[in-house]
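**Student:** My structure is stored as input.txt, with compact mmCIF, C-alpha atoms.
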# COMPACT_ATOMS: atom_id res chain seq x y z
CA MET A 1 0.00 0.00 0.00
CA CYS A 2 2.78 2.38 0.89
CA PHE A 3 5.56 3.02 -1.60
CA ASN A 4 7.85 4.62 0.86
CA LEU A 5 11.48 4.20 1.80
CA LEU A 6 10.95 4.94 5.44
CA ASN A 7 8.08 4.93 7.84
CA TYR A 8 8.17 7.17 10.83
CA PHE A 9 6.06 6.29 13.80
CA LEU A 10 5.26 9.34 15.82
CA PHE A 11 3.72 9.33 19.22
CA PHE A 12 1.94 12.49 18.28
CA LEU A 13 -1.28 13.57 16.80
CA PRO A 14 -1.27 14.12 13.03
CA GLU A 15 -2.29 17.72 13.73
CA TRP A 16 0.98 18.22 15.63
CA PHE A 17 2.97 17.20 12.58
CA LEU A 18 0.94 19.36 10.20
CA CYS A 19 1.15 22.42 12.45
CA ALA A 20 4.92 22.05 12.73
CA GLN A 21 5.26 21.71 8.94
CA ALA A 22 3.07 24.79 8.42
CA ILE A 23 5.25 26.83 10.78
CA PHE A 24 8.37 25.61 8.95
CA ARG A 25 6.84 26.67 5.65
CA ILE A 26 6.37 30.31 6.63
CA GLY A 27 9.87 30.49 8.10
CA SER A 28 8.75 30.74 11.70
CA VAL A 29 10.40 28.87 14.52
CA VAL A 30 8.84 25.74 15.99
CA THR A 31 9.39 25.64 19.72
CA THR A 32 8.47 22.53 21.62
CA LEU A 33 7.59 22.09 25.26
CA TYR A 34 6.30 18.94 26.89
CA ALA A 35 3.88 18.46 29.71
CA THR A 36 6.41 16.35 31.62
CA LEU A 37 8.38 19.51 32.44
CA GLY A 38 5.80 20.64 34.97
CA LEU A 39 4.09 24.01 35.19
CA GLU A 40 7.23 25.90 36.30
CA GLY A 41 9.17 24.54 33.35
CA ILE A 42 6.43 25.55 30.97
CA VAL A 43 6.23 29.10 32.34
CA HIS A 44 10.01 29.38 32.04
CA GLY A 45 9.97 28.14 28.45
CA ILE A 46 7.18 30.46 27.39
CA LYS A 47 8.83 33.47 29.05
CA GLU A 48 12.24 32.70 27.61
CA THR A 49 11.02 32.28 24.05
CA GLU A 50 8.56 35.22 24.30
CA VAL A 51 6.00 33.43 22.18
CA GLU A 52 2.70 35.06 21.26
CA HIS A 53 1.22 32.02 19.55
CA LEU A 54 0.69 28.74 21.23
CA VAL A 55 -0.49 25.40 19.87
CA THR A 56 -1.67 22.89 22.41
CA THR A 57 -4.03 19.97 22.87
CA GLU A 58 -7.42 20.03 24.51
CA ASP A 59 -6.35 18.07 27.57
CA LEU A 60 -3.57 20.52 28.41
CA LEU A 61 -5.77 23.61 28.23
CA PRO A 62 -6.54 23.58 32.00
CA SER A 63 -2.80 23.79 32.74
CA ILE A 64 -2.48 26.76 30.39
CA LEU A 65 -5.42 28.42 32.14
CA LYS A 66 -3.63 28.02 35.49
CA ILE A 67 -0.55 29.91 34.31
CA ILE A 68 -2.19 32.36 31.92
CA ASP A 69 -1.62 35.39 34.17
CA ARG A 70 2.09 34.61 34.31
CA ILE A 71 2.56 34.56 30.55
CA PRO A 72 1.35 38.03 29.48
CA LYS A 73 2.75 37.88 25.95
CA VAL A 74 0.57 35.01 24.74
CA ARG A 75 -2.24 36.28 22.51
CA HIS A 76 -3.35 33.34 20.38
CA ILE A 77 -3.95 29.79 21.47
CA THR A 78 -4.69 27.09 18.93
CA VAL A 79 -6.27 24.00 20.43
CA ILE A 80 -5.99 20.56 18.87
CA GLU A 81 -9.19 18.81 19.83
CA LEU A 82 -9.24 15.14 20.62
CA HIS A 83 -12.88 15.01 19.64
CA HIS A 84 -13.48 17.39 16.83
CA ASN A 85 -16.05 20.14 17.42
CA LEU A 86 -16.67 19.12 21.01
CA LEU A 87 -14.44 21.56 22.87
CA LEU A 88 -16.68 24.61 22.90
CA LYS A 89 -19.88 22.64 23.43
CA GLN A 90 -19.07 20.46 26.40
CA GLY A 91 -18.55 23.01 29.13
CA LYS A 92 -14.86 22.26 29.33
CA VAL A 93 -12.25 24.97 29.52
CA GLY A 94 -13.20 27.45 26.82
CA GLN A 95 -12.99 31.03 25.64
CA SER A 96 -15.08 32.41 28.53
CA ASP A 97 -12.76 30.87 31.14
CA PHE A 98 -9.81 32.58 29.52
CA ASP A 99 -11.68 35.90 29.31
CA GLN A 100 -12.37 35.72 33.05
CA ALA A 101 -8.90 34.63 34.03
CA THR A 102 -7.11 37.26 32.00
CA ASN A 103 -9.32 40.13 33.12
CA GLY A 104 -10.03 41.65 29.76
CA ARG A 105 -6.70 40.93 28.13
CA LYS A 106 -7.57 39.64 24.72
CA ILE A 107 -6.68 36.04 24.06
CA THR A 108 -8.20 34.28 21.10
CA LEU A 109 -8.86 30.59 21.44
CA THR A 110 -8.98 28.90 18.06
CA THR A 111 -9.49 25.24 17.42
CA TYR A 112 -7.31 23.45 14.91
CA ASP A 113 -10.28 23.09 12.55
CA GLN A 114 -11.07 26.79 12.83
CA LEU A 115 -7.45 27.67 12.02
CA LEU A 116 -7.57 25.39 9.00
CA GLU A 117 -10.81 27.03 7.87
CA LEU A 118 -9.40 30.51 8.53
CA GLY A 119 -6.44 29.74 6.30
CA LYS A 120 -8.74 28.35 3.62
CA GLN A 121 -11.12 31.33 3.58
CA SER A 122 -8.64 34.18 4.05
CA PRO A 123 -6.82 35.71 1.10
CA VAL A 124 -3.46 34.01 0.61
CA LEU A 125 -0.81 36.10 2.31
CA LYS A 126 2.79 36.40 1.20
CA TYR A 127 5.51 34.96 3.35
CA THR A 128 9.27 34.70 3.36
CA SER A 129 10.79 31.29 2.75
CA PRO A 130 13.59 30.50 5.19
CA LYS A 131 17.22 30.37 4.16
CA PRO A 132 19.42 27.40 5.09
CA ASP A 133 20.96 29.22 8.07
CA ASP A 134 17.69 30.45 9.58
CA VAL A 135 16.46 28.83 12.78
CA ALA A 136 13.87 26.09 12.33
CA VAL A 137 13.37 24.47 15.73
CA ILE A 138 14.04 25.24 19.37
CA LEU A 139 13.67 22.04 21.33
CA TYR A 140 13.05 21.96 25.00
CA THR A 141 13.36 18.21 25.36
CA SER A 142 10.83 16.22 27.32
CA GLY A 143 13.40 15.61 30.02
CA LYS A 144 12.87 11.90 29.69
CA TYR A 145 16.16 11.16 28.00
CA SER A 146 18.61 13.33 29.89
CA MET B 1 23.79 -0.91 40.76
CA GLY B 2 26.47 -1.32 43.43
CA THR B 3 24.12 -0.54 46.25
CA SER B 4 21.53 -3.07 45.16
CA VAL B 5 24.09 -5.89 45.06
CA SER B 6 25.39 -5.24 48.55
CA TYR B 7 21.81 -5.12 49.75
CA LEU B 8 20.94 -8.48 48.20
CA LEU B 9 23.94 -10.47 49.42
CA PRO B 10 23.17 -10.72 53.15
CA GLN B 11 19.61 -11.73 52.32
CA ALA B 12 20.70 -14.72 50.24
CA LYS B 13 22.05 -16.56 53.31
CA SER B 14 24.03 -19.11 51.35
CA ASP B 15 24.75 -21.37 54.34
CA VAL B 16 21.06 -21.93 55.02
CA LEU B 17 20.40 -22.75 51.39
CA PHE B 18 23.07 -25.43 51.24
CA THR B 19 22.18 -27.25 54.45
CA LYS B 20 18.62 -27.71 53.27
CA THR B 21 19.51 -29.53 50.04
CA LYS B 22 19.53 -33.28 50.51
CA SER B 23 22.57 -35.26 49.49
CA VAL B 24 21.65 -37.50 46.55
CA ASP B 25 22.66 -41.10 46.56
CA ARG B 26 23.75 -41.64 42.94
CA SER B 27 24.01 -45.44 43.13
CA LYS B 28 20.29 -46.02 43.78
CA LYS B 29 18.59 -43.89 41.18
CA HIS B 30 20.38 -43.80 37.89
CA PRO B 31 19.37 -41.64 34.90
CA PHE B 32 20.87 -44.05 32.33
CA PRO B 33 19.69 -47.60 31.71
CA VAL B 34 23.30 -48.85 31.52
CA LYS B 35 25.22 -48.61 34.72
CA LEU B 36 28.61 -47.01 34.17
CA ASP B 37 31.29 -46.21 36.71
CA LEU B 38 32.93 -42.83 37.07
CA ASP B 39 36.03 -43.65 34.98
CA THR B 40 33.98 -44.64 31.93
CA TYR B 41 32.16 -41.33 32.20
CA SER B 42 35.31 -39.27 32.19
CA VAL B 43 36.72 -41.22 29.25
CA LEU B 44 33.51 -40.61 27.27
CA LEU B 45 33.60 -36.92 28.17
CA LEU B 46 37.22 -36.67 27.14
CA CYS B 47 36.40 -38.20 23.76
CA ILE B 48 33.63 -35.62 23.16
CA LYS B 49 35.91 -32.79 24.25
CA LEU B 50 38.64 -33.98 21.89
CA LEU B 51 36.15 -34.19 19.03
CA VAL B 52 35.02 -30.62 19.66
CA ILE B 53 38.61 -29.35 19.85
CA VAL B 54 39.59 -31.09 16.61
CA TYR B 55 36.48 -29.74 14.88
CA ASP B 56 37.29 -26.20 16.10
CA ILE B 57 40.90 -26.38 14.89
CA ILE B 58 39.94 -27.65 11.44
CA THR B 59 37.05 -25.22 10.84
CA THR B 60 38.44 -22.00 12.39
CA PRO B 61 40.46 -20.82 9.33
CA PHE B 62 37.47 -21.32 7.01
CA TYR B 63 35.14 -19.67 9.49
CA ALA B 64 37.47 -16.67 9.83
CA LEU B 65 37.75 -16.37 6.05
CA TYR B 66 33.98 -16.39 5.80
CA MET B 67 33.28 -13.93 8.66
CA ARG B 68 36.22 -11.58 7.92
CA PRO B 69 36.53 -10.15 11.47
CA TRP B 70 39.31 -7.77 10.37
CA ALA B 71 36.86 -6.00 8.04
CA GLN B 72 34.47 -5.47 10.93
CA ARG B 73 37.28 -4.14 13.11
CA ALA B 74 38.40 -1.73 10.38
CA ALA B 75 34.83 -0.51 9.91
CA ASN B 76 34.52 0.11 13.65
CA ARG B 77 37.73 2.12 13.73
CA ALA B 78 36.97 4.16 10.60
CA ILE B 79 36.29 7.88 11.00
CA ARG B 80 32.69 8.53 10.13
CA ALA B 81 32.37 12.26 10.80
CA ARG B 82 34.78 15.16 10.71
CA GLN B 83 34.47 18.78 11.73
CA GLU B 84 33.73 20.95 8.74
CA ASP B 85 36.38 23.46 9.79
CA PRO B 86 39.00 21.76 12.01
CA ASN B 87 40.26 25.15 13.29
CA ASP B 88 36.87 26.20 14.58
CA PRO B 89 35.76 24.28 17.69
CA TYR B 90 32.12 25.29 17.07
CA SER B 91 31.98 24.01 13.52
CA PRO B 92 29.51 21.18 12.95
CA TYR B 93 30.50 17.57 12.37
CA VAL B 94 29.85 16.38 8.85
CA SER B 95 29.58 12.78 7.75
CA VAL B 96 32.47 11.58 5.61
CA VAL B 97 30.81 8.28 4.82
CA LYS B 98 29.69 8.10 1.22
CA ALA B 99 25.94 7.71 0.90
CA ASP B 100 24.48 4.48 -0.37
CA PRO B 101 24.76 4.85 -4.17
CA SER B 102 21.08 4.03 -4.61
CA PHE B 103 20.22 7.06 -2.44
CA ALA B 104 22.95 9.37 -3.72
CA ASP B 105 20.66 11.06 -6.24
CA HIS B 106 17.70 11.20 -3.89
CA TYR B 107 15.96 14.55 -3.92
CA VAL B 108 16.32 14.85 -0.18
CA PHE B 109 19.95 15.86 -0.74
CA LYS B 110 18.92 18.70 -3.03
CA ALA B 111 16.73 20.32 -0.38
CA GLN B 112 18.45 22.76 1.94
CA THR B 113 15.45 23.89 3.95
CA ILE B 114 12.29 22.15 5.11
CA PRO B 115 9.98 24.12 2.75
CA GLN B 116 12.23 23.10 -0.16
CA PHE B 117 11.95 19.50 0.98
CA GLN B 118 8.16 19.79 1.17
CA LYS B 119 8.07 21.18 -2.36
CA LEU B 120 10.42 18.54 -3.77
CA THR B 121 8.47 15.75 -2.09
CA LEU B 122 5.28 16.98 -3.72
CA GLU B 123 6.89 17.40 -7.14
CA SER B 124 8.83 14.12 -7.20
CA ASN B 125 6.06 11.77 -6.12
CA ASP B 126 2.61 10.65 -7.07
CA LYS B 127 0.23 13.04 -5.36
CA THR B 128 -2.19 10.27 -4.45
CA ASN B 129 0.41 8.36 -2.42
CA PRO B 130 -0.62 7.87 1.20
CA ALA B 131 1.59 10.15 3.26
CA LEU B 132 0.19 10.64 6.74
CA GLY B 133 -1.69 7.93 8.54
CA TYR B 134 -3.38 8.08 11.90
CA ARG B 135 -5.83 6.11 13.94
CA GLN B 136 -9.11 7.83 14.50
CA LEU B 137 -10.24 8.37 18.05
CA PHE B 138 -13.71 7.12 18.92
CA GLY B 139 -13.75 7.90 22.59
CA VAL B 140 -11.87 8.28 25.84
CA ASN B 141 -12.44 6.00 28.82
CA GLU B 142 -11.30 6.71 32.34
CA VAL B 143 -9.98 3.47 33.78
CA ILE B 144 -8.93 2.90 37.39
CA THR B 145 -6.19 0.30 37.66
CA ARG B 146 -5.81 -2.23 40.47
CA SER B 147 -3.29 0.03 42.20
CA GLY B 148 -5.89 2.80 42.23
CA LYS B 149 -4.19 4.87 39.57
CA LYS B 150 -6.36 6.74 37.14
CA MET B 151 -5.60 6.06 33.50
CA THR B 152 -7.03 7.45 30.33
CA LYS B 153 -7.66 4.79 27.78
CA LEU B 154 -8.08 5.89 24.20
CA ASN B 155 -10.53 3.97 22.10
CA LEU B 156 -8.78 3.99 18.74
CA ASP B 157 -9.71 2.67 15.34
CA ASP B 158 -7.88 -0.53 14.38
CA LYS B 159 -7.26 0.77 10.90
CA TYR B 160 -5.21 3.74 9.84
CA THR B 161 -6.85 6.62 8.05
CA TRP B 162 -4.54 7.98 5.39
CA LEU B 163 -4.12 11.46 4.01
CA SER B 164 -2.62 11.58 0.55
CA LEU B 165 0.47 13.61 -0.23
CA GLU B 166 -1.65 16.26 -1.89
CA GLU B 167 -4.05 16.50 1.05
CA VAL B 168 -1.14 16.82 3.47
CA ASP B 169 0.34 19.63 1.37
CA GLN B 170 -3.01 21.41 1.15
CA ASN B 171 -3.52 21.14 4.91
CA ILE B 172 -0.04 22.52 5.54
CA GLY B 173 -0.78 25.39 3.14
CA HIS B 174 -4.07 26.23 4.81
CA LEU B 175 -2.57 26.07 8.29
CA ALA B 176 0.36 28.22 7.18
CA ASN B 177 -2.05 30.83 5.83
CA GLY B 178 -4.06 30.57 9.04
CA PHE B 179 -0.97 31.31 11.12
CA LEU B 180 -0.09 34.22 8.81
CA THR B 181 -3.61 35.63 9.15
CA GLN B 182 -3.22 35.47 12.93
CA GLY B 183 -0.08 37.55 12.55
CA VAL B 184 2.77 35.05 12.86
CA LYS B 185 5.87 36.67 11.40
CA PHE B 186 9.07 35.43 9.81
CA GLN B 187 11.40 33.84 12.40
CA GLU B 188 8.85 34.45 15.13
CA LYS B 189 8.63 31.63 17.62
CA VAL B 190 5.48 29.54 17.85
CA LEU B 191 5.16 27.16 20.73
CA ILE B 192 3.78 23.67 20.35
CA PHE B 193 2.93 22.37 23.78
CA ALA B 194 1.86 18.74 23.88
CA GLU B 195 2.05 15.48 25.69
CA THR B 196 5.01 13.41 24.53
CA LYS B 197 2.85 10.38 24.13
CA MET B 198 -0.80 10.47 23.24
CA GLY B 199 -1.11 6.75 22.64
CA ASN B 200 -2.41 7.87 19.30
CA LYS B 201 0.07 6.61 16.78
CA THR B 202 0.65 8.65 13.69
CA GLU B 203 2.60 7.32 10.78
CA VAL B 204 4.41 9.47 8.26
CA CYS B 205 5.78 8.10 5.02
CA VAL B 206 8.90 9.56 3.50
CA PHE B 207 9.09 8.75 -0.17
Take the structure I supplied and represent it as structure tokens, if you would.

**Tutor:**
Amino acid sequence: MCFNLLNYFLFFLPEWFLCAQAIFRIGSVVTTLYATLGLEGIVHGIKETEVEHLVTTEDLLPSILKIIDRIPKVRHITVIELHHNLLLKQGKVGQSDFDQATNGRKITLTTYDQLLELGKQSPVLKYTSPKPDDVAVILYTSGKYS
Amino acid sequence: MGTSVSYLLPQAKSDVLFTKTKSVDRSKKHPFPVKLDLDTYSVLLLCIKLLVIVYDIITTPFYALYMRPWAQRAANRAIRARQEDPNDPYSPYVSVVKADPSFADHYVFKAQTIPQFQKLTLESNDKTNPALGYRQLFGVNEVITRSGKKMTKLNLDDKYTWLSLEEVDQNIGHLANGFLTQGVKFQEKVLIFAETKMGNKTEVCVF
């Protein structure tokens, strides 16, 4: 079925892979943080990299909500849903929780599907392709293999 | 390691173990139907040993010629990577091993950046090839194990759902435009925060 030379098994969601590839394409820098680092580690990583955009999964959204007042630079959060279209319906952590917690600071919560749709509907924007010596990834390792 | 060994030794109590084993009277119960005395045994054993030694001596040169251990040793000692600029301690290590000739012309070597690689992959392959496979999630069950630990069990499809190369490229394009619309700039950092293991296996094919 597959005519490939290599198969990669990833312990990730397919959305993770596609998001990373999309960020590579527009010459932005993929930064990775893992839940195993603990909340302090995450706050440190977010502060150090000064990110404004964050991609995370649905199950980690409560942890982000806990530390949201300590990461003032974050403006956009993209959520990869485990069940598609269920996040905003099921009374889980949602946009309103973030609005309350941040006291009026504007944070937009977008689901992965919404981001995909936004990119589809919006006029195609120009971007700069990266050069070979531009940064592609900053890896904060999971800490499992130190 | 060292601590665990010293902890185990006093517990083994070797003297107790040995006193409990009964001494076996070999003359009464014999494993062989023919009764042989000890000397016959040792002679038989000696014969087998001699046979093995003779066999080893005769076959060793042929075996060595076949296995070529010197080639393996040379391959182990060979330098596989060198610093690009030996005078600069920060210069990266580059492989000096020649690529497999069947891969030498592979388009992956022409790409210098990831977007170039994405483009080349799309151009050099059939667009309908399956490229990204994943198992669909039907539901999540909370399971409590015997030790009282809470576990999340993912109810996954047995079969993989595949996205074709073209679909993958389109999705990447849409997402990229989505990020751009949200104001992500060139060389700006975007954080991906996830669990290392979702139990949800994704498979990516590299053509």

**Student:** Can you tell me, as number ranges by chain, what residues are no more than 12 Å from B:Arg82 when counting only C-alpha atoms, ignoring any on the same chain fewer than 5 positions away?

**Tutor:** B: 87-89, 91-97

**Student:** Near A:Thr102, counting all atoms listed in the file, which residues have an atom at most 12 Å away, once you skip same-chain residues fewer than 4 positions from it, shown as a list in words?

**Tutor:**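 Counting only the stated atoms, we get Ile64, Leu65, Lys66, Ile67, Ile68, Asp69, Arg70, Ile71, Pro72, Lys73, Val74, Arg75, Gln95, Ser96, Asp97, Phe98, Lys106, Ile107 and Thr108 of chain A.
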
**Student:** Using C-alpha atoms, can you write the selected residues to a file as a short mmCIF file (atom, residue, chain, number, x, y, z; two decimals), in the coordinates of the input?

**Tutor:**
data_model
loop_
_atom_site.label_atom_id
_atom_site.label_comp_id
_atom_site.auth_asym_id
_atom_site.auth_seq_id
_atom_site.Cartn_x
_atom_site.Cartn_y
_atom_site.Cartn_z
CA ILE A 64 -2.48 26.76 30.39
CA LEU A 65 -5.42 28.42 32.14
CA LYS A 66 -3.63 28.02 35.49
CA ILE A 67 -0.55 29.91 34.31
CA ILE A 68 -2.19 32.36 31.92
CA ASP A 69 -1.62 35.39 34.17
CA ARG A 70 2.09 34.61 34.31
CA ILE A 71 2.56 34.56 30.55
CA PRO A 72 1.35 38.03 29.48
CA LYS A 73 2.75 37.88 25.95
CA VAL A 74 0.57 35.01 24.74
CA ARG A 75 -2.24 36.28 22.51
CA GLN A 95 -12.99 31.03 25.64
CA SER A 96 -15.08 32.41 28.53
CA ASP A 97 -12.76 30.87 31.14
CA PHE A 98 -9.81 32.58 29.52
CA LYS A 106 -7.57 39.64 24.72
CA ILE A 107 -6.68 36.04 24.06
CA THR A 108 -8.20 34.28 21.10
#

**Student:** Rounded to one decimal place, report the atom CA of B:Val54-atom CA of B:Asp39 distance in Å.

**Tutor:**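 The value is 22.5 Å.
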
**Student:** Given the choices A:Ala35, A:Ile80, A:Ile138, A:Leu109, which gets closest to chain B if the distance is worked out from only C-alpha atoms?

**Tutor:** A:Ala35

**Student:** Would you compute the distance between atom CA of A:Trp16 and atom CA of A:Val55? Give it in Å to one decimal.

**Tutor:**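 If I compute the distance from atom CA of A:Trp16 to atom CA of A:Val55, I get 8.5 Å.
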
**Student:** Calculate how many Å separate atom CA of A:Thr128 from atom CA of A:Ser28, rounding to one decimal.

**Tutor:**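 Computing it gives 9.2 Å between the two atoms.
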
**Student:** With distances taken over all atoms listed in the file, which residue among A:Val79, A:Val51, A:Ala20, A:Leu33 lies nearest A:Tyr112?

**Tutor:** A:Val79
